[in-house]
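*Asks:* Here you go, one structure.
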Amino acid sequence: MQRNYYKYNNYKHNNYIMAHQNNQPNPFVIGKYVSDEFFCDREKDTELVKKQISNGRNMTLIADRRIGKSGLISHVFAQPDIQHDYYTIIVDLFATNSLSEMVSIWGKELYRQVQIQSKSWRDKFFDVLTSLRVGLKYDPVSGMPTFDLGMGDISMPKLTLDQIFDYLEMADKPCVVAFDEFQQIMYYPEKNIEALLRTYIQRCKKTQFIFAGSRKHMMTEMFLSPARPFYQSTINLGLGLIPLEIYVDFAQKMFKRGEKAIEADAVEEIYNTYHGVTWYLQLLMNEMYYLTPKGGTCTKESIEPAIQNTLRVQESTFLNLLANIPPRQKELLFAIAKAGIAENINSSEFIQKYKLQSSSSIQSALKGLEEKDIVICSVDKKWRIYDTLLEQYIRRYIVNEEKSSNGFVYFEKK
């Protein structure tokens with residue numbers, strides 16, 4: 001449930017951003033893919049994914065949250081040659097909690113896609129997927145058919161799954177299915193879901209799959225462990241950060257298209273502050289673009305107002321998040337926030353410095369925070385809060401006594 005908080009808030013913030021845009025659309029798009037024009041780099045990654053598709057290979061795409069996996073997949077699927085040669089379907093498993101919910105989401109997304117595809121493939125939908133007819137409704141006013149599949153409408157998910165795979169294989173051109181946040185299937189109550197899906201996928205002759213996930217240890221275990229069904233069944237791809245110099249160039253071009261400018265050192269400071277994570281870069285650049293008047297130049301002085309505005313929008317979500325964290329986990333979270341980058345957190349020095357309990361209680365609290373994706377550990381065993389905005393909020397308005405009064409100043413466009 002905690003992970004859904006973040007996704008909801010992303011949409012909430014998008015609505016806030018859109019409400020503040022003028023006639024000229026803000027080019028720093030957040031949380032969705034629009035077109036090549038607003039997509040930064042990933043040229044080599046795009047070609048690499050396209051190569052795997054053209055070679056008929058299934059692939060695994062693993063990277064931290066908010067790096068840009070979903071955007072890359074959408075970008076690849078939007079390429080003219082891919083659209084011409086394949087049917088593409090993205091199934092977001094982020095909010096699913098069972099096989100039934102997975103099948104429901106997949107069925108609805110598949111129906112949405114066939115509506116804009118060939119008539120012959122569209123007409124076969126309910127002929128093949130008979131178990132989804134329960135989702136076919138008729139508007140009481142217009143009498144027109146609509147498709148509204150509820151989570152509880154899938155009474156026999158394995159039957160529906162079988163029909164979905166049959167339908168994909170009947171298409172008049174190959175299909176590519178991308179599962180976003182695929183590691184979510186490990187939380188399903190049903191047993192042997194990995195083996196079940198692997199069996200279906202092995203039978204496919206025309207359909208390819210992309211398995212994208214952000215929980216590295218879970219995805220690595222699923223696809224690289226000899227004991228797991230998906231072992232060595234895919235080409236494994238990683239996704240790194242967009243290089244600083246490329247993002248600086250992109251940001252300056254986006255400002256220029258709106259008859260604005262931004263200094264390179266302002267972009268560089270944002271990049272370094274948010275560890276080069278794409279979602280944060282776009283979020284802060286979106287706000288800085290808004291604050292910059294037409295014909296004006298955005299400088300480093302705009303960074304603090306942009307951060308304040310962003311934290312203000314996120315505040316209610318952060319407070320709700322913190323309210324649902326147990327006391328021991330919260331104490332450790334605040335200690336990590338104070339440290340910025342926390343090393344040797346089991347040491348007596350760290351425990352005494354931040355007035356924590358025993359080493360054993362730290363391990364228990366750390367496990368809970370890690371399971372919620374709130375903190376992450378680097379390869380050199382250093383811990384930090386993954387959500388940099390959450391870290392900034394805690395440090396500014398909770399653990400910093402000088403600023404704990406939470407005195408936001410809201411900045412508008414000049």
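Quick note on naming: the chains in the structure tokens go A, B, ... in the order shown, residues restart at 1 in each chain, and ligands are numbered from 1 in order of appearance.
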If we count only C-alpha atoms and set the cut-off at 7 Å, which residues sit around stretch 373-387 of chain A, ignoring sequence neighbours fewer than 4 positions away in its own chain? Please answer as number ranges by chain.
*Replies:* A: 336-337, 340-343, 369, 391
*Asks:* Write a file of the selected residues as a PDB file, in the first residue's frame, keeping C-alpha atoms.
*Replies:*
ATOM      1  CA  ILE A 336      19.520   8.690   8.016  1.00  0.00           C
ATOM      2  CA  ALA A 337      17.971  11.985   6.896  1.00  0.00           C
ATOM      3  CA  GLY A 340      22.403  12.387   4.398  1.00  0.00           C
ATOM      4  CA  ILE A 341      24.534   9.364   3.549  1.00  0.00           C
ATOM      5  CA  ALA A 342      24.595   6.952   6.485  1.00  0.00           C
ATOM      6  CA  GLU A 343      27.590   4.676   7.030  1.00  0.00           C
ATOM      7  CA  LEU A 369      12.152   0.745   5.680  1.00  0.00           C
ATOM      8  CA  GLU A 391      14.777  13.587   2.661  1.00  0.00           C
TER       9      GLU A 391
END
*Asks:* Would you kindly return, as a compact mmCIF listing (two decimals) with all heavy atoms, in the first residue's frame, each protein, DNA or RNA residue with an atom no farther than 12 Å from any atom of A:Phe125, considering only C-alpha atoms and excluding same-chain residues fewer than 5 positions away?
*Replies:*
# COMPACT_ATOMS: atom_id res chain seq x y z
N GLY A 107 -6.29 -7.59 -19.47
CA GLY A 107 -7.44 -7.66 -20.38
C GLY A 107 -7.92 -6.29 -20.81
O GLY A 107 -8.21 -6.04 -21.98
N LYS A 108 -8.00 -5.36 -19.84
CA LYS A 108 -8.45 -4.00 -20.17
C LYS A 108 -7.46 -3.28 -21.08
O LYS A 108 -7.86 -2.57 -22.01
CB LYS A 108 -8.68 -3.20 -18.88
CG LYS A 108 -9.93 -3.61 -18.14
CD LYS A 108 -10.32 -2.61 -17.05
CE LYS A 108 -9.44 -2.74 -15.85
NZ LYS A 108 -9.95 -1.93 -14.70
N LEU A 110 -5.34 -4.68 -23.12
CA LEU A 110 -5.39 -5.35 -24.43
C LEU A 110 -6.58 -4.85 -25.23
O LEU A 110 -6.47 -4.55 -26.43
CB LEU A 110 -5.48 -6.86 -24.22
CG LEU A 110 -5.39 -7.75 -25.46
CD1 LEU A 110 -4.11 -7.48 -26.24
CD2 LEU A 110 -5.45 -9.23 -25.04
N TYR A 111 -7.73 -4.73 -24.60
CA TYR A 111 -8.92 -4.21 -25.28
C TYR A 111 -8.71 -2.77 -25.75
O TYR A 111 -9.10 -2.40 -26.85
CB TYR A 111 -10.12 -4.29 -24.34
CG TYR A 111 -11.42 -3.83 -24.98
CD1 TYR A 111 -12.12 -4.66 -25.85
CD2 TYR A 111 -11.94 -2.56 -24.72
CE1 TYR A 111 -13.30 -4.24 -26.45
CE2 TYR A 111 -13.12 -2.14 -25.31
CZ TYR A 111 -13.79 -2.97 -26.18
OH TYR A 111 -14.95 -2.55 -26.78
N ARG A 112 -8.07 -1.97 -24.90
CA ARG A 112 -7.80 -0.58 -25.28
C ARG A 112 -6.92 -0.51 -26.53
O ARG A 112 -7.13 0.33 -27.40
CB ARG A 112 -7.12 0.15 -24.13
CG ARG A 112 -7.01 1.66 -24.33
CD ARG A 112 -6.28 2.32 -23.18
NE ARG A 112 -4.85 2.01 -23.21
CZ ARG A 112 -3.97 2.66 -23.97
NH1 ARG A 112 -4.37 3.64 -24.78
NH2 ARG A 112 -2.71 2.35 -23.94
N GLN A 113 -5.95 -1.41 -26.60
CA GLN A 113 -5.05 -1.41 -27.75
C GLN A 113 -5.73 -1.90 -29.02
O GLN A 113 -5.51 -1.34 -30.11
CB GLN A 113 -3.82 -2.28 -27.45
CG GLN A 113 -2.84 -1.66 -26.49
CD GLN A 113 -2.20 -0.41 -27.07
OE1 GLN A 113 -1.93 -0.33 -28.27
NE2 GLN A 113 -1.96 0.57 -26.23
N VAL A 114 -6.55 -2.94 -28.91
CA VAL A 114 -7.17 -3.49 -30.13
C VAL A 114 -8.18 -2.52 -30.73
O VAL A 114 -8.49 -2.60 -31.92
CB VAL A 114 -7.84 -4.86 -29.88
CG1 VAL A 114 -6.82 -5.86 -29.37
CG2 VAL A 114 -9.02 -4.74 -28.93
N GLN A 115 -8.67 -1.59 -29.92
CA GLN A 115 -9.62 -0.61 -30.44
C GLN A 115 -9.00 0.27 -31.53
O GLN A 115 -9.71 0.80 -32.37
CB GLN A 115 -10.15 0.27 -29.30
CG GLN A 115 -11.08 -0.46 -28.35
CD GLN A 115 -12.29 -1.03 -29.07
OE1 GLN A 115 -12.32 -2.22 -29.39
NE2 GLN A 115 -13.29 -0.21 -29.34
N GLN A 117 -6.39 -0.83 -33.45
CA GLN A 117 -5.63 -1.68 -34.35
C GLN A 117 -6.53 -2.20 -35.47
O GLN A 117 -7.62 -1.69 -35.70
CB GLN A 117 -5.01 -2.84 -33.55
CG GLN A 117 -4.14 -2.39 -32.38
CD GLN A 117 -2.90 -1.60 -32.82
OE1 GLN A 117 -2.59 -1.53 -34.01
NE2 GLN A 117 -2.20 -1.00 -31.86
N SER A 118 -6.08 -3.24 -36.15
CA SER A 118 -6.79 -3.75 -37.32
C SER A 118 -8.17 -4.28 -36.94
O SER A 118 -8.37 -4.84 -35.87
CB SER A 118 -5.98 -4.85 -37.99
OG SER A 118 -5.95 -6.00 -37.19
N LYS A 119 -9.12 -4.11 -37.86
CA LYS A 119 -10.50 -4.53 -37.60
C LYS A 119 -10.59 -6.04 -37.41
O LYS A 119 -11.34 -6.52 -36.56
CB LYS A 119 -11.39 -4.10 -38.77
CG LYS A 119 -12.88 -4.39 -38.54
CD LYS A 119 -13.71 -3.87 -39.70
CE LYS A 119 -15.19 -4.04 -39.41
NZ LYS A 119 -15.56 -5.46 -39.22
N SER A 120 -9.80 -6.79 -38.18
CA SER A 120 -9.88 -8.25 -38.09
C SER A 120 -9.45 -8.75 -36.71
O SER A 120 -10.07 -9.66 -36.14
CB SER A 120 -8.99 -8.89 -39.16
OG SER A 120 -7.62 -8.51 -38.97
N THR A 130 -13.69 -15.24 -24.30
CA THR A 130 -15.09 -15.37 -23.88
C THR A 130 -15.28 -15.02 -22.41
O THR A 130 -16.34 -14.54 -21.99
CB THR A 130 -15.59 -16.80 -24.13
OG1 THR A 130 -14.72 -17.72 -23.45
CG2 THR A 130 -15.58 -17.12 -25.61
N SER A 131 -14.25 -15.26 -21.58
CA SER A 131 -14.37 -14.99 -20.15
C SER A 131 -14.41 -13.50 -19.84
O SER A 131 -14.75 -13.11 -18.72
CB SER A 131 -13.22 -15.64 -19.39
OG SER A 131 -11.97 -15.11 -19.81
N LEU A 132 -14.07 -12.66 -20.82
CA LEU A 132 -14.09 -11.21 -20.60
C LEU A 132 -15.40 -10.57 -21.05
O LEU A 132 -15.56 -9.35 -20.93
CB LEU A 132 -12.92 -10.54 -21.33
CG LEU A 132 -11.52 -10.90 -20.84
CD1 LEU A 132 -10.47 -10.04 -21.54
CD2 LEU A 132 -11.39 -10.74 -19.34
N ARG A 133 -16.30 -11.35 -21.56
CA ARG A 133 -17.58 -10.79 -22.01
C ARG A 133 -18.35 -10.16 -20.86
O ARG A 133 -19.20 -9.30 -21.06
CB ARG A 133 -18.43 -11.88 -22.66
CG ARG A 133 -17.95 -12.27 -24.05
CD ARG A 133 -18.79 -13.39 -24.62
NE ARG A 133 -18.29 -13.83 -25.91
CZ ARG A 133 -18.70 -14.93 -26.54
NH1 ARG A 133 -19.64 -15.70 -25.97
NH2 ARG A 133 -18.20 -15.27 -27.70
N LEU A 136 -18.31 -6.49 -20.91
CA LEU A 136 -19.00 -5.77 -21.99
C LEU A 136 -20.33 -5.23 -21.46
O LEU A 136 -21.22 -6.00 -21.09
CB LEU A 136 -19.24 -6.70 -23.18
CG LEU A 136 -19.88 -6.07 -24.41
CD1 LEU A 136 -18.97 -4.99 -24.99
CD2 LEU A 136 -20.16 -7.14 -25.48
N PHE A 147 -16.63 -1.26 -22.57
CA PHE A 147 -15.95 -2.37 -21.90
C PHE A 147 -15.45 -1.87 -20.56
O PHE A 147 -14.59 -1.00 -20.48
CB PHE A 147 -14.77 -2.87 -22.75
CG PHE A 147 -14.10 -4.10 -22.18
CD1 PHE A 147 -14.75 -5.31 -22.13
CD2 PHE A 147 -12.80 -4.02 -21.71
CE1 PHE A 147 -14.13 -6.43 -21.61
CE2 PHE A 147 -12.17 -5.15 -21.19
CZ PHE A 147 -12.84 -6.36 -21.14
N GLN A 163 -6.77 -17.72 -22.48
CA GLN A 163 -7.40 -17.09 -23.63
C GLN A 163 -6.61 -15.87 -24.13
O GLN A 163 -6.54 -15.61 -25.33
CB GLN A 163 -8.83 -16.68 -23.28
CG GLN A 163 -9.74 -17.87 -23.02
CD GLN A 163 -11.12 -17.45 -22.54
OE1 GLN A 163 -11.37 -16.29 -22.21
NE2 GLN A 163 -12.05 -18.41 -22.49
N ILE A 164 -6.02 -15.12 -23.19
CA ILE A 164 -5.20 -13.97 -23.59
C ILE A 164 -4.01 -14.42 -24.43
O ILE A 164 -3.72 -13.83 -25.48
CB ILE A 164 -4.72 -13.20 -22.34
CG1 ILE A 164 -5.86 -12.40 -21.73
CG2 ILE A 164 -3.57 -12.24 -22.71
CD1 ILE A 164 -5.51 -11.68 -20.44
N PHE A 165 -3.33 -15.47 -24.00
CA PHE A 165 -2.18 -15.96 -24.76
C PHE A 165 -2.61 -16.49 -26.12
O PHE A 165 -1.92 -16.29 -27.13
CB PHE A 165 -1.43 -17.03 -23.97
CG PHE A 165 -0.43 -16.46 -22.99
CD1 PHE A 165 -0.78 -16.28 -21.66
CD2 PHE A 165 0.85 -16.10 -23.41
CE1 PHE A 165 0.14 -15.75 -20.76
CE2 PHE A 165 1.76 -15.57 -22.52
CZ PHE A 165 1.42 -15.39 -21.18
N ASP A 166 -3.75 -17.17 -26.18
CA ASP A 166 -4.27 -17.64 -27.47
C ASP A 166 -4.56 -16.47 -28.39
O ASP A 166 -4.23 -16.51 -29.59
CB ASP A 166 -5.56 -18.45 -27.25
CG ASP A 166 -5.29 -19.84 -26.70
OD1 ASP A 166 -4.13 -20.28 -26.74
OD2 ASP A 166 -6.25 -20.47 -26.20
N TYR A 167 -5.16 -15.44 -27.84
CA TYR A 167 -5.52 -14.26 -28.64
C TYR A 167 -4.28 -13.57 -29.19
O TYR A 167 -4.24 -13.17 -30.36
CB TYR A 167 -6.34 -13.30 -27.79
CG TYR A 167 -6.81 -12.08 -28.52
CD1 TYR A 167 -7.80 -12.18 -29.50
CD2 TYR A 167 -6.28 -10.82 -28.25
CE1 TYR A 167 -8.24 -11.05 -30.19
CE2 TYR A 167 -6.72 -9.70 -28.93
CZ TYR A 167 -7.70 -9.82 -29.90
OH TYR A 167 -8.13 -8.70 -30.58
N LEU A 168 -3.24 -13.40 -28.37
CA LEU A 168 -2.01 -12.76 -28.82
C LEU A 168 -1.38 -13.52 -29.98
O LEU A 168 -0.89 -12.93 -30.94
CB LEU A 168 -1.01 -12.67 -27.66
CG LEU A 168 -1.37 -11.74 -26.50
CD1 LEU A 168 -0.38 -11.91 -25.36
CD2 LEU A 168 -1.39 -10.28 -26.96
N MET A 170 -2.90 -15.24 -32.18
CA MET A 170 -3.74 -15.19 -33.38
C MET A 170 -3.61 -13.87 -34.14
O MET A 170 -4.16 -13.72 -35.23
CB MET A 170 -5.21 -15.38 -32.99
CG MET A 170 -5.58 -16.76 -32.52
SD MET A 170 -7.34 -16.84 -32.08
CE MET A 170 -7.47 -18.51 -31.47
N ALA A 171 -2.91 -12.91 -33.58
CA ALA A 171 -2.80 -11.59 -34.21
C ALA A 171 -2.15 -11.69 -35.58
O ALA A 171 -1.36 -12.60 -35.85
CB ALA A 171 -1.99 -10.66 -33.31
*Asks:* Assign secondary structure with DSSP using the backbone only, and return the residues of stretch 72-198 of chain A in alpha helix (DSSP H) as number ranges by chain.
*Replies:* A: 72-77, 80-85, 99-114, 119-123, 125-128, 157-170, 193-198
*Asks:* So that I can check the secondary structure, give me every residue of stretch 251-315 of chain A assigned strand (DSSP E or B) by backbone DSSP, as a VMD selection string.
*Replies:* chain A and resid 261 to 262 297 to 298
*Asks:* Hey, can you spit out that residue selection with C-alpha atoms as an mmCIF file, in the first residue's frame?
*Replies:*
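Printed below is part.cif as written:
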data_model
loop_
_atom_site.group_PDB
_atom_site.id
_atom_site.type_symbol
_atom_site.label_atom_id
_atom_site.label_comp_id
_atom_site.auth_asym_id
_atom_site.auth_seq_id
_atom_site.Cartn_x
_atom_site.Cartn_y
_atom_site.Cartn_z
ATOM 1 C CA ALA A 261 16.921 30.425 -21.129
ATOM 2 C CA ILE A 262 18.568 28.555 -18.279
ATOM 3 C CA THR A 297 16.887 33.514 -17.829
ATOM 4 C CA CYS A 298 16.654 30.893 -15.108
#
*Asks:* Using only C-alpha atoms, which residues sit within 12 Å of A:Ser361 once same-chain residues fewer than 2 positions away are excluded, as a PyMOL selection string?
*Replies:* chain A and resi 327-332+345-346+351+356-359+363-368
*Asks:* Let me see the file: selected residues, N, CA, C and O atoms, as a compact mmCIF listing (two decimals), in the first residue's frame.
*Replies:*
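Written output follows (result.txt):
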# COMPACT_ATOMS: atom_id res chain seq x y z
N PRO A 327 7.31 3.75 15.14
CA PRO A 327 8.25 4.65 15.83
C PRO A 327 9.72 4.32 15.62
O PRO A 327 10.53 5.20 15.35
N ARG A 328 10.11 3.05 15.78
CA ARG A 328 11.53 2.68 15.63
C ARG A 328 12.01 2.94 14.20
O ARG A 328 13.14 3.40 14.00
N GLN A 329 11.20 2.63 13.21
CA GLN A 329 11.57 2.89 11.82
C GLN A 329 11.69 4.39 11.57
O GLN A 329 12.58 4.85 10.86
N LYS A 330 10.79 5.14 12.19
CA LYS A 330 10.81 6.60 12.00
C LYS A 330 12.07 7.21 12.62
O LYS A 330 12.68 8.11 12.02
N GLU A 331 12.46 6.71 13.79
CA GLU A 331 13.67 7.21 14.42
C GLU A 331 14.89 6.97 13.54
O GLU A 331 15.75 7.85 13.38
N LEU A 332 14.98 5.78 12.96
CA LEU A 332 16.10 5.47 12.07
C LEU A 332 16.03 6.29 10.80
O LEU A 332 17.05 6.78 10.30
N ILE A 345 25.82 2.03 10.18
CA ILE A 345 24.66 2.36 11.01
C ILE A 345 24.49 1.44 12.21
O ILE A 345 23.70 1.73 13.11
N ASN A 346 25.22 0.33 12.24
CA ASN A 346 25.16 -0.56 13.39
C ASN A 346 26.24 -0.24 14.42
O ASN A 346 26.30 -0.87 15.48
N ILE A 351 24.86 4.92 16.66
CA ILE A 351 23.76 4.75 17.61
C ILE A 351 23.74 5.88 18.64
O ILE A 351 22.70 6.47 18.94
N LEU A 356 19.77 6.33 19.10
CA LEU A 356 18.97 5.19 18.68
C LEU A 356 19.03 4.09 19.73
O LEU A 356 19.76 4.19 20.71
N GLN A 357 18.27 3.02 19.49
CA GLN A 357 18.26 1.88 20.40
C GLN A 357 19.42 0.95 20.04
O GLN A 357 20.43 1.38 19.51
N SER A 358 19.27 -0.31 20.28
CA SER A 358 20.32 -1.29 20.05
C SER A 358 20.52 -1.58 18.57
O SER A 358 19.69 -1.23 17.72
N SER A 359 21.63 -2.26 18.28
CA SER A 359 21.93 -2.66 16.91
C SER A 359 20.85 -3.59 16.35
O SER A 359 20.50 -3.51 15.17
N GLN A 363 18.48 -3.10 12.90
CA GLN A 363 18.33 -4.06 11.81
C GLN A 363 16.87 -4.32 11.49
O GLN A 363 16.49 -4.41 10.32
N SER A 364 16.06 -4.45 12.53
CA SER A 364 14.63 -4.68 12.33
C SER A 364 13.97 -3.48 11.65
O SER A 364 13.18 -3.63 10.71
N ALA A 365 14.32 -2.28 12.11
CA ALA A 365 13.76 -1.05 11.53
C ALA A 365 14.23 -0.87 10.10
O ALA A 365 13.47 -0.46 9.21
N LEU A 366 15.49 -1.19 9.86
CA LEU A 366 16.07 -1.03 8.53
C LEU A 366 15.37 -1.95 7.53
O LEU A 366 15.08 -1.55 6.39
N LYS A 367 15.10 -3.17 7.96
CA LYS A 367 14.41 -4.13 7.10
C LYS A 367 13.03 -3.60 6.69
O LYS A 367 12.62 -3.68 5.53
N GLY A 368 12.32 -3.01 7.66
CA GLY A 368 11.00 -2.46 7.38
C GLY A 368 11.05 -1.30 6.40
O GLY A 368 10.23 -1.20 5.48
